[in-house]
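Asker: Encoded as structure tokens, here's the structure I'll be asking about.
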Amino acid sequence: MTDLLPHLPAISFEFFPPKTDEMERNLWQAISRLAPLAPRFVSVTYGAGGSTRERTHSTIARILKETSLTPAAHLTCVDAPCADVDDVVERYYEIGVRHIVALRGDPTSGLGGAYAPHPQGYRSSADLVAAIKRRHPDIDVTVSAYPEKHPESTGFDADLDMLQAKVDAGATRAITQFFFDNDLYFRYLDRVRARGINIPIVPGILPVQNFKQAAGFATRAGASVPDWLAKQFEGLDDDPDTRKLVAATVAAGQVHKLAKHGVDTFHFYTMNRADLVFAISHLLGLRPQVAAQKAA
């Protein structure tokens with residue numbers, strides 16, 4: 001993992017909107033720490049329900065006002081008529097947002113529940129992408145991709161059909177669900193390219209802050225957790241310092257191996273914490289001053 005990469009990778013970060021004052025402080029500490037790495041963009045997640053939408057909007061607005069970062073606003077179809085979703089797009093456009101991460105969204109009952117579109121809403125993420133591009137062709141639209149297929153999909157062919165529909169609707173890149181086995185990503189990429197889908201498929205990387213939480217989330221999201229990863233965290237439940245070192249080593253090793261095989265762009269699910277992501281970026285060769293020079 002100490003070999004220098006031929007080129008510095010491009011990176012982006014995902015945050016979620018804070019629910020409390022303390023969470024807001026943690027979020028902005030993370031943003032301040034990671035901003036000097038000059039990510040291509042930072043995305044802010046969005047869930048069903050008005051309060052979540054407003055928190056996402058206010059976080060995006062503050063990023064635009066107080067930083068030089070490019071924000072990407074998550075948007076879903078869940079639990080809203082088309083008119084309401086369109087209104088959210090207009091509000092983002094008015095404040096200067098030109099990048100949206102368009103998702104169908106999880107069922108209101110949570111991951112693993114049955115999804116039902118709103119009676120007057122967009123039925124799929126492809127419909128949402130098409131609507132965004134119809135109203136604002138200059139908005140850059142990112143969508144999701146699933147190396148182990150979407151947990152509700154009947155198979156990889158159906159999953160790739162949906163990805164193709166999103167590309168046909170105007171999506172310009174896809175970010176994957178997190179994965180821990182790089183072979184899953186490369187096999188998926190082979191399937192995507194064999195279908196003639198040529199947009200960038202950016203790997204989504206989840207540094208494991210808490211193994212039990214990550215494993216539980218992976219189960220609900222349809223992502224597998226290899227046995228070797230579980231063994232790396234054995235006996236560390238009450239040892240957060242060692243756990244953090246192991247987490248940084250595991251994630252940096254995963255990203256470095258992807259980079260050695262030609263992957264040059266990464267999206268990090270930060271969980272609103274900067275320490276692991278900053279360490280991984282450092283091990284990839286990224287430095288704040290280098291990033292600043294590149295961005296100048």
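Here's how to read the names in the structure tokens: chain A, B, ... by the order shown, residue numbers from 1 in each chain, ligand numbers from 1 in the order shown.
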Near segment 230-247 of chain A, counting only C-alpha atoms, which residues have an atom at most 8 Å away, once you skip same-chain residues fewer than 3 positions from it, shown as number ranges by chain?

Answerer: A: 207-209, 211, 225-227, 250-251, 276

Asker: Check segment 19-261 of chain A with DSSP on the backbone and list each residue it calls alpha helix (DSSP H), as a PyMOL selection string.

Answerer: chain A and resi 21-34+50-66+82-95+125-135+156-169+182-194+211-221+227-232+240-260

Asker: Write out as a ChimeraX atom specification which residues come within 6 Å of segment 158-169 of chain A when counting only C-alpha atoms, dropping same-chain ones fewer than 3 positions away.

Answerer: /A:126,129-130,153,155

Asker: Quick one: residues within 10 Å of Pro71 of chain A, only C-alpha atoms, excluding same-chain residues fewer than 3 positions away - as a VMD selection string?

Answerer: chain A and resid 12 to 14 40 to 44 59 to 64 67 to 68 74 96 to 100

Asker: So that I can see what lies close to Leu258 of chain A, please list as a ChimeraX atom specification the residues with an atom at most 12 Å from it, counting only C-alpha atoms and leaving out residues fewer than 2 positions away in the same chain.

Answerer: /A:1,5,9,179-186,202-205,251-256,260-266,284

Asker: Name all residues at most 7 Å from Phe278 of chain A (count only C-alpha atoms; drop same-chain ones fewer than 4 positions away) and give them as a PyMOL selection string.

Answerer: chain A and resi 34+274+282

Asker: What is the atom CA of Gln213 of chain A to atom CA of Asn272 of chain A distance in Å?

Answerer: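 Going from atom CA of Gln213 of chain A over to atom CA of Asn272 of chain A, I get 15.0 Å.
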
Asker: Considering only C-alpha atoms, return as a count of residues only whatever protein or nucleic-acid residues lie within 12 Å of Arg187 of chain A, sequence-local ones (same chain, fewer than 4 positions apart) excluded.

Answerer: 12

Asker: Just the strand (DSSP E) stuff from segment 84-255 of chain A, please, per backbone DSSP, written as a list of chain:residue names.

Answerer: A:His99, A:Ile100, A:Val101, A:Ala102, A:Leu103, A:Asp140, A:Val141, A:Thr142, A:Val143, A:Ser144, A:Ala145, A:Arg173, A:Ala174, A:Ile175, A:Thr176, A:Ile201, A:Val202, A:Gly204, A:Ile205

Asker: I need the chosen residues saved as a short mmCIF file (atom, residue, chain, number, x, y, z; two decimals), in the first residue's frame, with N, CA, C and O atoms.

Answerer:
```cif
data_model
loop_
_atom_site.label_atom_id
_atom_site.label_comp_id
_atom_site.auth_asym_id
_atom_site.auth_seq_id
_atom_site.Cartn_x
_atom_site.Cartn_y
_atom_site.Cartn_z
N HIS A 99 -26.16 20.46 -9.36
CA HIS A 99 -25.85 19.03 -9.30
C HIS A 99 -26.84 18.38 -8.34
O HIS A 99 -26.95 18.81 -7.19
N ILE A 100 -27.55 17.39 -8.82
CA ILE A 100 -28.52 16.67 -8.00
C ILE A 100 -28.23 15.17 -8.07
O ILE A 100 -27.94 14.63 -9.14
N VAL A 101 -28.28 14.52 -6.91
CA VAL A 101 -28.20 13.06 -6.83
C VAL A 101 -29.63 12.56 -6.78
O VAL A 101 -30.32 12.73 -5.76
N ALA A 102 -30.11 11.98 -7.88
CA ALA A 102 -31.51 11.60 -8.02
C ALA A 102 -31.70 10.13 -7.68
O ALA A 102 -31.11 9.25 -8.31
N LEU A 103 -32.53 9.86 -6.67
CA LEU A 103 -32.73 8.52 -6.16
C LEU A 103 -34.22 8.21 -6.05
O LEU A 103 -35.03 9.11 -5.85
N ASP A 140 -26.46 18.78 -13.55
CA ASP A 140 -25.72 17.51 -13.60
C ASP A 140 -26.43 16.52 -12.68
O ASP A 140 -26.64 16.82 -11.50
N VAL A 141 -26.81 15.36 -13.20
CA VAL A 141 -27.57 14.40 -12.41
C VAL A 141 -26.76 13.12 -12.19
O VAL A 141 -26.35 12.47 -13.15
N THR A 142 -26.55 12.80 -10.93
CA THR A 142 -25.89 11.56 -10.52
C THR A 142 -26.97 10.59 -10.03
O THR A 142 -27.96 11.01 -9.41
N VAL A 143 -26.76 9.30 -10.29
CA VAL A 143 -27.71 8.27 -9.84
C VAL A 143 -26.95 7.18 -9.08
O VAL A 143 -25.72 7.22 -8.95
N SER A 144 -27.69 6.20 -8.60
CA SER A 144 -27.10 5.12 -7.82
C SER A 144 -26.86 3.89 -8.68
O SER A 144 -27.49 3.70 -9.73
N ALA A 145 -25.95 3.04 -8.22
CA ALA A 145 -25.65 1.76 -8.87
C ALA A 145 -25.35 0.73 -7.79
O ALA A 145 -24.93 1.09 -6.68
N ARG A 173 -23.47 10.23 -14.30
CA ARG A 173 -22.58 9.35 -13.55
C ARG A 173 -23.42 8.55 -12.57
O ARG A 173 -24.54 8.93 -12.25
N ALA A 174 -22.84 7.45 -12.09
CA ALA A 174 -23.48 6.67 -11.03
C ALA A 174 -22.49 6.46 -9.90
O ALA A 174 -21.28 6.29 -10.15
N ILE A 175 -22.98 6.50 -8.68
CA ILE A 175 -22.18 6.17 -7.50
C ILE A 175 -22.72 4.88 -6.94
O ILE A 175 -23.93 4.70 -6.80
N THR A 176 -21.83 3.95 -6.60
CA THR A 176 -22.28 2.64 -6.16
C THR A 176 -22.67 2.62 -4.68
O THR A 176 -22.18 3.43 -3.88
N ILE A 201 -18.79 4.92 -13.34
CA ILE A 201 -19.38 4.18 -12.23
C ILE A 201 -18.43 4.36 -11.04
O ILE A 201 -17.43 3.67 -10.91
N VAL A 202 -18.73 5.33 -10.20
CA VAL A 202 -17.83 5.73 -9.12
C VAL A 202 -18.04 4.82 -7.91
O VAL A 202 -19.17 4.69 -7.43
N GLY A 204 -18.50 3.72 -4.27
CA GLY A 204 -18.83 4.32 -2.99
C GLY A 204 -18.11 3.57 -1.88
O GLY A 204 -18.26 2.35 -1.76
N ILE A 205 -17.35 4.27 -1.09
CA ILE A 205 -16.51 3.65 -0.06
C ILE A 205 -17.02 4.04 1.33
O ILE A 205 -17.19 5.22 1.63
#
```

Asker: State, in Å with one decimal place, the distance from atom CA of His57 of chain A to atom CA of Ala171 of chain A.

Answerer: 21.6 Å

Asker: Provide the atom CA of Ile95 of chain A to atom CA of Met271 of chain A distance in Å, to one decimal place.

Answerer: 25.3 Å
